[in-house]
$ cat upload.cif   # mmCIF, C-alpha atoms
data_entry
#
loop_
_atom_site.label_atom_id
_atom_site.label_comp_id
_atom_site.auth_asym_id
_atom_site.auth_seq_id
_atom_site.Cartn_x
_atom_site.Cartn_y
_atom_site.Cartn_z
CA MET C 1 88.23 165.61 153.92
CA TYR C 2 91.70 165.26 152.37
CA ALA C 3 93.21 162.31 150.51
CA ALA C 4 96.96 162.43 151.20
CA ARG C 5 97.15 159.28 149.08
CA GLY C 6 94.73 156.79 147.59
CA VAL C 7 91.22 157.60 146.37
CA LEU C 8 88.12 158.57 148.34
CA SER C 9 84.51 158.73 147.27
CA VAL C 10 82.13 160.94 149.24
CA GLN C 11 78.41 160.52 148.60
CA THR C 12 75.66 162.97 149.52
CA GLU C 13 72.10 163.45 148.29
CA ARG C 14 73.60 165.64 145.55
CA GLY C 15 75.75 162.82 144.14
CA THR C 16 79.26 161.42 144.52
CA SER C 17 82.49 163.39 144.81
CA ILE C 18 85.55 161.60 143.50
CA VAL C 19 88.63 162.52 145.55
CA PRO C 20 92.01 161.38 144.17
CA ALA C 21 95.26 161.95 146.05
CA ASN C 22 96.03 165.57 146.97
CA ARG C 23 92.42 166.70 146.58
CA VAL C 24 90.14 168.17 149.22
CA ALA C 25 86.45 167.23 149.40
CA TRP C 26 84.32 169.88 151.10
CA THR C 27 80.97 168.84 152.59
CA PRO C 28 78.95 171.69 154.15
CA ALA C 29 76.98 171.29 157.35
CA GLY C 30 73.52 169.82 156.86
CA PHE C 31 74.52 167.33 154.15
CA SER C 32 74.16 163.69 155.18
CA HIS C 33 77.10 161.85 153.68
CA TYR C 34 79.24 158.77 153.80
CA HIS C 35 82.65 158.03 152.36
CA ARG C 36 84.66 155.07 151.18
CA ALA C 37 88.39 154.58 150.73
CA HIS C 38 89.79 152.77 147.69
CA GLY C 39 93.27 151.28 147.76
CA HIS C 40 95.87 152.11 150.41
CA THR C 41 94.45 155.43 151.56
CA ASP C 42 95.68 158.11 153.93
CA MET C 43 92.59 160.14 154.82
CA ARG C 44 92.56 163.32 156.92
CA ILE C 45 89.45 165.13 158.20
CA VAL C 46 89.28 168.75 159.35
CA PHE C 47 86.16 170.43 160.78
CA LEU C 48 85.62 174.15 160.29
CA PRO C 49 83.74 176.40 162.73
CA ALA C 50 80.61 178.07 161.36
CA SER C 51 82.40 181.43 161.13
CA LEU C 52 84.85 179.98 158.60
CA ALA C 53 82.53 177.44 156.94
CA ARG C 54 80.35 180.27 155.62
CA LEU C 55 83.34 181.44 153.55
CA VAL C 56 83.50 178.13 151.67
CA PRO C 57 80.92 177.12 148.98
CA GLY C 58 77.53 176.05 150.30
CA HIS C 59 77.54 172.89 148.19
CA PRO C 60 79.75 169.76 148.09
CA ALA C 61 82.90 170.45 146.08
CA VAL C 62 86.37 169.09 145.32
CA PHE C 63 89.49 171.25 145.26
CA THR C 64 93.11 170.59 144.37
CA ALA C 65 95.25 171.17 147.46
CA SER C 66 98.07 173.68 147.06
CA ASP C 67 101.43 172.83 148.65
CA LEU C 68 100.60 175.17 151.52
CA ALA C 69 97.11 173.71 151.98
CA ARG C 70 98.57 170.19 152.02
CA GLU C 71 101.03 171.04 154.79
CA ILE C 72 98.30 172.78 156.80
CA LEU C 73 96.02 169.76 156.51
CA LEU C 74 98.78 167.38 157.59
CA THR C 75 99.59 169.63 160.55
CA LEU C 76 95.97 170.06 161.63
CA THR C 77 95.39 166.30 161.58
CA GLY C 78 98.52 165.56 163.60
CA PRO C 79 98.26 164.97 167.35
CA PRO C 80 97.74 168.07 169.50
CA ASN C 81 100.41 169.30 171.88
CA TYR C 82 99.33 168.14 175.35
CA ASP C 83 102.09 169.95 177.18
CA ARG C 84 100.25 172.20 179.67
CA GLY C 85 102.35 175.26 178.91
CA ALA C 86 101.93 174.90 175.14
CA ARG C 87 98.25 173.88 175.02
CA ASP C 88 96.79 177.38 174.63
CA TYR C 89 99.36 178.34 172.00
CA ASP C 90 98.67 175.11 170.11
CA ARG C 91 94.93 175.83 170.10
CA SER C 92 95.50 179.37 168.85
CA ALA C 93 97.98 178.23 166.19
CA ARG C 94 95.51 175.67 164.84
CA ALA C 95 92.80 178.34 164.62
CA ARG C 96 95.15 180.53 162.57
CA LEU C 97 95.99 177.58 160.31
CA ARG C 98 92.28 176.95 159.66
CA ARG C 99 91.87 180.57 158.55
CA VAL C 100 94.79 180.22 156.13
CA LEU C 101 93.33 176.93 154.85
CA VAL C 102 90.03 178.65 154.05
CA ASP C 103 91.95 181.37 152.18
CA GLN C 104 93.70 178.66 150.16
CA LEU C 105 90.42 176.95 149.29
CA ASP C 106 88.91 180.31 148.31
CA GLU C 107 91.73 180.80 145.80
CA ALA C 108 91.54 177.23 144.46
CA HIS C 109 89.34 176.31 141.51
CA GLU C 110 86.66 173.71 142.03
CA HIS C 111 87.65 170.48 140.33
CA PRO C 112 85.07 168.83 138.04
CA LEU C 113 85.04 165.62 140.08
CA HIS C 114 81.47 165.64 141.32
CA LEU C 115 79.17 163.07 139.76
CA PRO C 116 75.61 164.38 140.28
CA GLU C 117 72.90 161.88 141.16
CA PRO C 118 69.82 161.93 138.88
CA GLN C 119 66.36 162.18 140.45
CA ASP C 120 64.14 161.40 137.47
CA ASP C 121 63.15 157.71 137.31
CA ARG C 122 64.24 157.43 133.67
CA LEU C 123 67.69 158.86 134.36
CA GLN C 124 68.03 156.66 137.42
CA ALA C 125 67.35 153.60 135.28
CA ILE C 126 70.15 154.62 132.91
CA ALA C 127 72.46 155.37 135.82
CA ARG C 128 71.90 151.92 137.32
CA MET C 129 72.82 150.24 134.04
CA LEU C 130 76.02 152.25 133.68
CA TYR C 131 77.02 151.89 137.34
CA GLN C 132 76.91 148.13 136.81
CA GLU C 133 78.70 148.24 133.46
CA PRO C 134 80.68 151.48 132.92
CA SER C 135 82.19 150.07 129.71
CA ASP C 136 78.75 149.99 128.06
CA ASN C 137 78.94 152.10 124.89
CA THR C 138 75.23 151.95 124.10
CA SER C 139 74.04 155.25 122.64
CA LEU C 140 71.53 157.44 124.45
CA ALA C 141 68.93 156.68 121.78
CA GLU C 142 69.30 152.93 122.31
CA LEU C 143 69.19 153.32 126.08
CA GLY C 144 66.05 155.39 125.62
CA ARG C 145 64.37 152.63 123.66
CA THR C 146 65.18 150.22 126.51
CA ILE C 147 63.48 152.38 129.14
CA GLY C 148 60.77 153.88 126.91
CA ALA C 149 61.95 157.47 126.45
CA SER C 150 63.20 159.43 123.46
CA SER C 151 66.80 160.62 123.24
CA ARG C 152 65.52 164.21 123.02
CA THR C 153 63.62 163.84 126.30
CA LEU C 154 66.61 162.22 128.01
CA SER C 155 69.00 164.88 126.71
CA ARG C 156 66.73 167.58 128.09
CA LEU C 157 66.54 165.83 131.46
CA PHE C 158 70.32 165.46 131.71
CA HIS C 159 70.77 169.14 130.96
CA HIS C 160 67.97 170.29 133.29
CA GLU C 161 68.73 168.01 136.27
CA LEU C 162 72.49 167.53 136.08
CA GLY C 163 73.70 170.53 134.11
CA MET C 164 75.62 168.40 131.60
CA THR C 165 75.13 166.20 128.59
CA PHE C 166 74.69 162.45 128.85
CA TYR C 167 78.15 161.90 127.39
CA GLU C 168 79.75 164.33 129.86
CA TRP C 169 78.02 162.55 132.73
CA ARG C 170 79.09 159.12 131.46
CA THR C 171 82.68 160.31 131.14
CA GLN C 172 82.60 161.49 134.77
CA LEU C 173 81.24 158.10 135.81
CA ARG C 174 83.98 156.31 133.89
CA ILE C 175 86.71 158.49 135.39
CA TYR C 176 85.41 157.59 138.84
CA HIS C 177 85.65 153.87 138.07
CA ALA C 178 89.07 154.38 136.49
CA LEU C 179 90.39 156.03 139.65
CA VAL C 180 89.12 153.12 141.75
CA LEU C 181 90.73 150.54 139.44
CA LEU C 182 94.03 152.44 139.37
CA ALA C 183 94.00 152.61 143.18
CA ASP C 184 93.53 148.83 143.22
CA GLY C 185 96.69 148.43 141.13
CA HIS C 186 95.33 147.72 137.64
CA ASP C 187 97.38 148.89 134.65
CA THR C 188 96.32 151.58 132.19
CA THR C 189 95.36 149.18 129.38
CA HIS C 190 93.08 147.11 131.62
CA VAL C 191 91.46 150.25 133.08
CA ALA C 192 90.88 151.77 129.63
CA HIS C 193 88.97 148.73 128.35
CA ALA C 194 87.14 148.11 131.63
CA CYS C 195 85.80 151.66 131.58
CA GLY C 196 84.69 151.75 127.95
CA TRP C 197 87.50 153.47 126.05
CA ALA C 198 88.45 151.94 122.72
CA ASN C 199 92.18 152.22 123.40
CA PRO C 200 94.61 153.42 126.10
CA SER C 201 95.39 156.63 124.19
CA SER C 202 91.81 157.89 124.26
CA PHE C 203 91.55 156.94 127.95
CA ILE C 204 94.76 158.81 128.78
CA ALA C 205 93.49 161.92 126.97
CA ALA C 206 90.12 161.88 128.80
CA PHE C 207 91.73 161.14 132.16
CA THR C 208 94.27 163.94 131.76
CA ASN C 209 91.56 166.40 130.75
CA VAL C 210 89.61 165.76 133.97
CA ILE C 211 92.32 164.93 136.53
CA GLY C 212 95.08 167.17 135.19
CA THR C 213 97.70 164.45 134.92
CA THR C 214 98.12 161.15 133.09
CA PRO C 215 97.16 157.83 134.71
CA GLY C 216 100.85 156.90 134.84
CA ARG C 217 101.80 160.06 136.69
CA HIS C 218 98.76 159.81 138.93
CA ARG C 219 99.71 156.32 140.12
CA PRO C 220 102.93 157.29 142.00
CA SER C 221 100.96 159.88 143.99
CA ASN C 222 99.01 156.98 145.48
CA GLN C 223 102.13 155.29 146.88
CA PRO C 224 102.83 155.61 150.59
CA ARG C 225 104.75 158.71 151.57
CA PRO C 226 106.12 158.73 155.12
CA THR C 227 104.54 161.45 157.24
CA PRO C 228 105.05 162.23 160.92
CA HIS C 229 101.52 161.14 161.80
CA ASP C 230 100.31 158.43 159.43
CA LEU C 231 96.53 157.95 159.63
CA SER C 232 96.32 155.53 156.71
CA SER C 233 93.43 153.10 156.54
CA PRO C 234 92.81 150.20 154.16
CA SER C 235 89.78 150.19 151.95
CA PRO C 236 86.75 148.28 153.22
CA PRO C 237 85.85 144.99 151.60
CA PRO C 238 83.57 145.24 148.54
#
$ encode --input "upload.cif" --output "structure tokens"
Amino acid sequence: MYAARGVLSVQTERGTSIVPANRVAWTPAGFSHYHRAHGHTDMRIVFLPASLARLVPGHPAVFTASDLAREILLTLTGPPNYDRGARDYDRSARARLRRVLVDQLDEAHEHPLHLPEPQDDRLQAIARMLYQEPSDNTSLAELGRTIGASSRTLSRLFHHELGMTFYEWRTQLRIYHALVLLADGHDTTHVAHACGWANPSSFIAAFTNVIGTTPGRHRPSNQPRPTPHDLSSPSPPP
């Protein structure tokens, strides 16, 4: 699944993948999932045959699309050539493009845009609170007192279940909400405060560290770019 513009979220039993513009979300076979578009989104979907899918990671992942991968994805999601004389060539050409796409994904680094979903009841309780209010700056110790668990126990659970600290997980959650708000047209200052950063500068630093570009530079990539075969779709109502 490719976001040519806008922001996508793809949820599986493993958690939620955040897919800003020019990123590719890979979901292997066997994973039940659903997706949602945020803002004015141009979404493209490509299916890989089993022979190629086995060359891609066996878990949900997000990759940055290279220039070549982007053009391949746009071509593969364009309408097929229905001219009788060109049909076989078109089918063969698309198969070759899929192989090159897999090579490009193999060379790309996985982007840290997957928000894992906790399974432990105590972590789920914390997650629900922060999903509802991502700007909440309550410490882990205070959250623990609310749900009846020590900060040491919760820290251990975050590391064991999710492979990250509580603060790393909360930052990922906040970046997800920030991307949604930016896609909806909110400015950097509003997004920073709505997602729990004390000031725009600290938000910009955290956003750049995860996304690889500043919120200001990210925003133009969400604007419509004419393509030969525009498959844009508006976001669903909240």
$ closest_residue --input "upload.cif" --among "C:Thr138, C:Thr12, C:Ser17, C:Gln124" --to "Glu110 of chain C" --atoms "all atoms listed in the file"
C:Ser17
$ atom_distance --input "upload.cif" --atom1 "atom CA of Ser9 of chain C" --atom2 "atom CA of Thr213 of chain C"
19.0 Å
$ atom_distance --input "upload.cif" --atom1 "atom CA of Gly185 of chain C" --atom2 "atom CA of Ile126 of chain C"
28.5 Å
$ axis_aligned_box --input "upload.cif" --around "segment 162-181 of chain C" --padding-each-side "8 Å" --output "JSON"
{"center_x": 81.6, "center_y": 160.5, "center_z": 134.6, "size_x": 34.2, "size_y": 36.0, "size_z": 30.4}
$ resolve_selection --input "upload.cif" --expression "the PyMOL selection byres ((chain C and resi 183) around 8)" --output "PyMOL selection string"
chain C and resi 6-7+38-40+179-182+184-186+219+222
$ write_last_selection --input "upload.cif" --atoms "C-alpha atoms" --output "mmCIF file, keeping the file's coordinate frame"
data_model
loop_
_atom_site.group_PDB
_atom_site.id
_atom_site.type_symbol
_atom_site.label_atom_id
_atom_site.label_comp_id
_atom_site.auth_asym_id
_atom_site.auth_seq_id
_atom_site.Cartn_x
_atom_site.Cartn_y
_atom_site.Cartn_z
ATOM 1 C CA GLY C 6 94.730 156.790 147.590
ATOM 2 C CA VAL C 7 91.220 157.600 146.370
ATOM 3 C CA HIS C 38 89.790 152.770 147.690
ATOM 4 C CA GLY C 39 93.270 151.280 147.760
ATOM 5 C CA HIS C 40 95.870 152.110 150.410
ATOM 6 C CA LEU C 179 90.390 156.030 139.650
ATOM 7 C CA VAL C 180 89.120 153.120 141.750
ATOM 8 C CA LEU C 181 90.730 150.540 139.440
ATOM 9 C CA LEU C 182 94.030 152.440 139.370
ATOM 10 C CA ASP C 184 93.530 148.830 143.220
ATOM 11 C CA GLY C 185 96.690 148.430 141.130
ATOM 12 C CA HIS C 186 95.330 147.720 137.640
ATOM 13 C CA ARG C 219 99.710 156.320 140.120
ATOM 14 C CA ASN C 222 99.010 156.980 145.480
#
$ residues_around --input "upload.cif" --residues "Gly58 of chain C" --least-positions-apart "6" --cutoff "12 Å" --atoms "only C-alpha atoms" --output "PyMOL selection string"
chain C and resi 26-31+50+52
$ decode --input "upload.cif" --residues "segment 19-56 of chain C" --atoms "N, CA, C and O atoms" --output "mmCIF file, in the first residue's frame"
data_model
loop_
_atom_site.group_PDB
_atom_site.id
_atom_site.type_symbol
_atom_site.label_atom_id
_atom_site.label_comp_id
_atom_site.auth_asym_id
_atom_site.auth_seq_id
_atom_site.Cartn_x
_atom_site.Cartn_y
_atom_site.Cartn_z
ATOM 1 N N VAL C 19 1.635 5.766 7.782
ATOM 2 C CA VAL C 19 2.170 5.824 6.420
ATOM 3 C C VAL C 19 2.007 7.227 5.853
ATOM 4 O O VAL C 19 0.979 7.544 5.235
ATOM 5 N N PRO C 20 3.002 8.109 6.050
ATOM 6 C CA PRO C 20 2.938 9.435 5.436
ATOM 7 C C PRO C 20 3.155 9.338 3.930
ATOM 8 O O PRO C 20 3.421 8.263 3.381
ATOM 9 N N ALA C 21 3.079 10.480 3.259
ATOM 10 C CA ALA C 21 3.288 10.518 1.815
ATOM 11 C C ALA C 21 4.651 9.954 1.449
ATOM 12 O O ALA C 21 5.641 10.130 2.160
ATOM 13 N N ASN C 22 4.677 9.242 0.319
ATOM 14 C CA ASN C 22 5.882 8.633 -0.248
ATOM 15 C C ASN C 22 6.454 7.522 0.623
ATOM 16 O O ASN C 22 7.645 7.252 0.594
ATOM 17 N N ARG C 23 5.591 6.870 1.397
ATOM 18 C CA ARG C 23 5.989 5.678 2.146
ATOM 19 C C ARG C 23 5.189 4.483 1.654
ATOM 20 O O ARG C 23 4.081 4.630 1.130
ATOM 21 N N VAL C 24 5.751 3.316 1.828
ATOM 22 C CA VAL C 24 5.099 2.065 1.431
ATOM 23 C C VAL C 24 4.828 1.244 2.681
ATOM 24 O O VAL C 24 5.745 0.993 3.473
ATOM 25 N N ALA C 25 3.584 0.835 2.875
ATOM 26 C CA ALA C 25 3.235 -0.062 3.972
ATOM 27 C C ALA C 25 3.112 -1.469 3.410
ATOM 28 O O ALA C 25 2.332 -1.707 2.472
ATOM 29 N N TRP C 26 3.874 -2.401 3.959
ATOM 30 C CA TRP C 26 3.831 -3.793 3.528
ATOM 31 C C TRP C 26 3.069 -4.613 4.555
ATOM 32 O O TRP C 26 3.380 -4.584 5.744
ATOM 33 N N THR C 27 2.039 -5.329 4.096
ATOM 34 C CA THR C 27 1.275 -6.227 4.959
ATOM 35 C C THR C 27 1.347 -7.628 4.369
ATOM 36 O O THR C 27 0.806 -7.870 3.283
ATOM 37 N N PRO C 28 2.022 -8.567 5.036
ATOM 38 C CA PRO C 28 2.144 -9.925 4.489
ATOM 39 C C PRO C 28 0.797 -10.645 4.462
ATOM 40 O O PRO C 28 -0.152 -10.267 5.156
ATOM 41 N N ALA C 29 0.745 -11.693 3.666
ATOM 42 C CA ALA C 29 -0.456 -12.536 3.627
ATOM 43 C C ALA C 29 -0.693 -13.144 5.009
ATOM 44 O O ALA C 29 0.242 -13.440 5.754
ATOM 45 N N GLY C 30 -1.959 -13.294 5.357
ATOM 46 C CA GLY C 30 -2.313 -13.904 6.634
ATOM 47 C C GLY C 30 -2.576 -12.905 7.736
ATOM 48 O O GLY C 30 -3.032 -13.288 8.815
ATOM 49 N N PHE C 31 -2.301 -11.627 7.498
ATOM 50 C CA PHE C 31 -2.561 -10.599 8.502
ATOM 51 C C PHE C 31 -3.886 -9.912 8.183
ATOM 52 O O PHE C 31 -4.015 -9.241 7.154
ATOM 53 N N SER C 32 -4.876 -10.074 9.063
ATOM 54 C CA SER C 32 -6.109 -9.308 8.916
ATOM 55 C C SER C 32 -5.780 -7.841 9.163
ATOM 56 O O SER C 32 -5.047 -7.513 10.099
ATOM 57 N N HIS C 33 -6.294 -6.959 8.324
ATOM 58 C CA HIS C 33 -5.945 -5.549 8.485
ATOM 59 C C HIS C 33 -7.046 -4.662 7.914
ATOM 60 O O HIS C 33 -7.895 -5.106 7.140
ATOM 61 N N TYR C 34 -7.026 -3.432 8.355
ATOM 62 C CA TYR C 34 -7.865 -2.411 7.738
ATOM 63 C C TYR C 34 -7.083 -1.108 7.718
ATOM 64 O O TYR C 34 -6.124 -0.924 8.465
ATOM 65 N N HIS C 35 -7.471 -0.225 6.820
ATOM 66 C CA HIS C 35 -6.735 1.028 6.677
ATOM 67 C C HIS C 35 -7.701 2.208 6.679
ATOM 68 O O HIS C 35 -8.902 2.055 6.460
ATOM 69 N N ARG C 36 -7.124 3.374 6.926
ATOM 70 C CA ARG C 36 -7.895 4.610 6.918
ATOM 71 C C ARG C 36 -7.052 5.711 6.300
ATOM 72 O O ARG C 36 -5.835 5.771 6.528
ATOM 73 N N ALA C 37 -7.684 6.545 5.504
ATOM 74 C CA ALA C 37 -7.004 7.672 4.881
ATOM 75 C C ALA C 37 -7.297 8.941 5.669
ATOM 76 O O ALA C 37 -8.419 9.147 6.144
ATOM 77 N N HIS C 38 -6.278 9.772 5.827
ATOM 78 C CA HIS C 38 -6.422 11.040 6.551
ATOM 79 C C HIS C 38 -6.042 12.182 5.601
ATOM 80 O O HIS C 38 -4.979 12.183 5.013
ATOM 81 N N GLY C 39 -6.934 13.160 5.483
ATOM 82 C CA GLY C 39 -6.675 14.257 4.569
ATOM 83 C C GLY C 39 -6.944 13.840 3.133
ATOM 84 O O GLY C 39 -7.527 12.786 2.854
ATOM 85 N N HIS C 40 -6.523 14.678 2.186
ATOM 86 C CA HIS C 40 -6.718 14.391 0.760
ATOM 87 C C HIS C 40 -5.658 13.387 0.342
ATOM 88 O O HIS C 40 -4.489 13.725 0.190
ATOM 89 N N THR C 41 -6.050 12.139 0.184
ATOM 90 C CA THR C 41 -5.095 11.038 0.062
ATOM 91 C C THR C 41 -5.170 10.374 -1.306
ATOM 92 O O THR C 41 -6.260 10.124 -1.829
ATOM 93 N N ASP C 42 -4.017 10.092 -1.851
ATOM 94 C CA ASP C 42 -3.900 9.319 -3.086
ATOM 95 C C ASP C 42 -3.254 7.991 -2.704
ATOM 96 O O ASP C 42 -2.064 7.917 -2.425
ATOM 97 N N MET C 43 -4.079 6.946 -2.646
ATOM 98 C CA MET C 43 -3.622 5.644 -2.164
ATOM 99 C C MET C 43 -3.532 4.658 -3.323
ATOM 100 O O MET C 43 -4.441 4.564 -4.148
ATOM 101 N N ARG C 44 -2.422 3.919 -3.383
ATOM 102 C CA ARG C 44 -2.228 2.901 -4.418
ATOM 103 C C ARG C 44 -1.962 1.556 -3.749
ATOM 104 O O ARG C 44 -1.239 1.489 -2.752
ATOM 105 N N ILE C 45 -2.524 0.482 -4.279
ATOM 106 C CA ILE C 45 -2.355 -0.852 -3.709
ATOM 107 C C ILE C 45 -1.797 -1.794 -4.775
ATOM 108 O O ILE C 45 -2.313 -1.842 -5.897
ATOM 109 N N VAL C 46 -0.750 -2.511 -4.418
ATOM 110 C CA VAL C 46 -0.136 -3.497 -5.304
ATOM 111 C C VAL C 46 -0.089 -4.837 -4.568
ATOM 112 O O VAL C 46 0.344 -4.893 -3.413
ATOM 113 N N PHE C 47 -0.508 -5.902 -5.233
ATOM 114 C CA PHE C 47 -0.440 -7.250 -4.666
ATOM 115 C C PHE C 47 0.752 -7.983 -5.269
ATOM 116 O O PHE C 47 1.002 -7.893 -6.475
ATOM 117 N N LEU C 48 1.486 -8.700 -4.423
ATOM 118 C CA LEU C 48 2.641 -9.461 -4.882
ATOM 119 C C LEU C 48 2.319 -10.948 -4.897
ATOM 120 O O LEU C 48 1.685 -11.452 -3.964
ATOM 121 N N PRO C 49 2.758 -11.672 -5.919
ATOM 122 C CA PRO C 49 2.588 -13.130 -5.914
ATOM 123 C C PRO C 49 3.446 -13.736 -4.816
ATOM 124 O O PRO C 49 4.420 -13.132 -4.353
ATOM 125 N N ALA C 50 3.089 -14.945 -4.403
ATOM 126 C CA ALA C 50 3.789 -15.601 -3.287
ATOM 127 C C ALA C 50 5.282 -15.731 -3.552
ATOM 128 O O ALA C 50 6.102 -15.621 -2.633
ATOM 129 N N SER C 51 5.664 -15.942 -4.807
ATOM 130 C CA SER C 51 7.081 -16.118 -5.141
ATOM 131 C C SER C 51 7.898 -14.877 -4.849
ATOM 132 O O SER C 51 9.094 -14.951 -4.547
ATOM 133 N N LEU C 52 7.274 -13.701 -4.932
ATOM 134 C CA LEU C 52 7.966 -12.449 -4.615
ATOM 135 C C LEU C 52 7.729 -12.031 -3.173
ATOM 136 O O LEU C 52 8.616 -11.459 -2.531
ATOM 137 N N ALA C 53 6.535 -12.306 -2.646
ATOM 138 C CA ALA C 53 6.204 -11.893 -1.277
ATOM 139 C C ALA C 53 7.150 -12.520 -0.260
ATOM 140 O O ALA C 53 7.447 -11.920 0.781
ATOM 141 N N ARG C 54 7.649 -13.714 -0.553
ATOM 142 C CA ARG C 54 8.560 -14.375 0.398
ATOM 143 C C ARG C 54 9.894 -13.666 0.509
ATOM 144 O O ARG C 54 10.666 -13.918 1.440
ATOM 145 N N LEU C 55 10.178 -12.739 -0.433
ATOM 146 C CA LEU C 55 11.435 -11.995 -0.411
ATOM 147 C C LEU C 55 11.325 -10.710 0.408
ATOM 148 O O LEU C 55 12.316 -10.022 0.615
ATOM 149 N N VAL C 56 10.124 -10.388 0.836
ATOM 150 C CA VAL C 56 9.854 -9.189 1.629
ATOM 151 C C VAL C 56 9.660 -9.632 3.074
ATOM 152 O O VAL C 56 9.292 -10.783 3.326
#
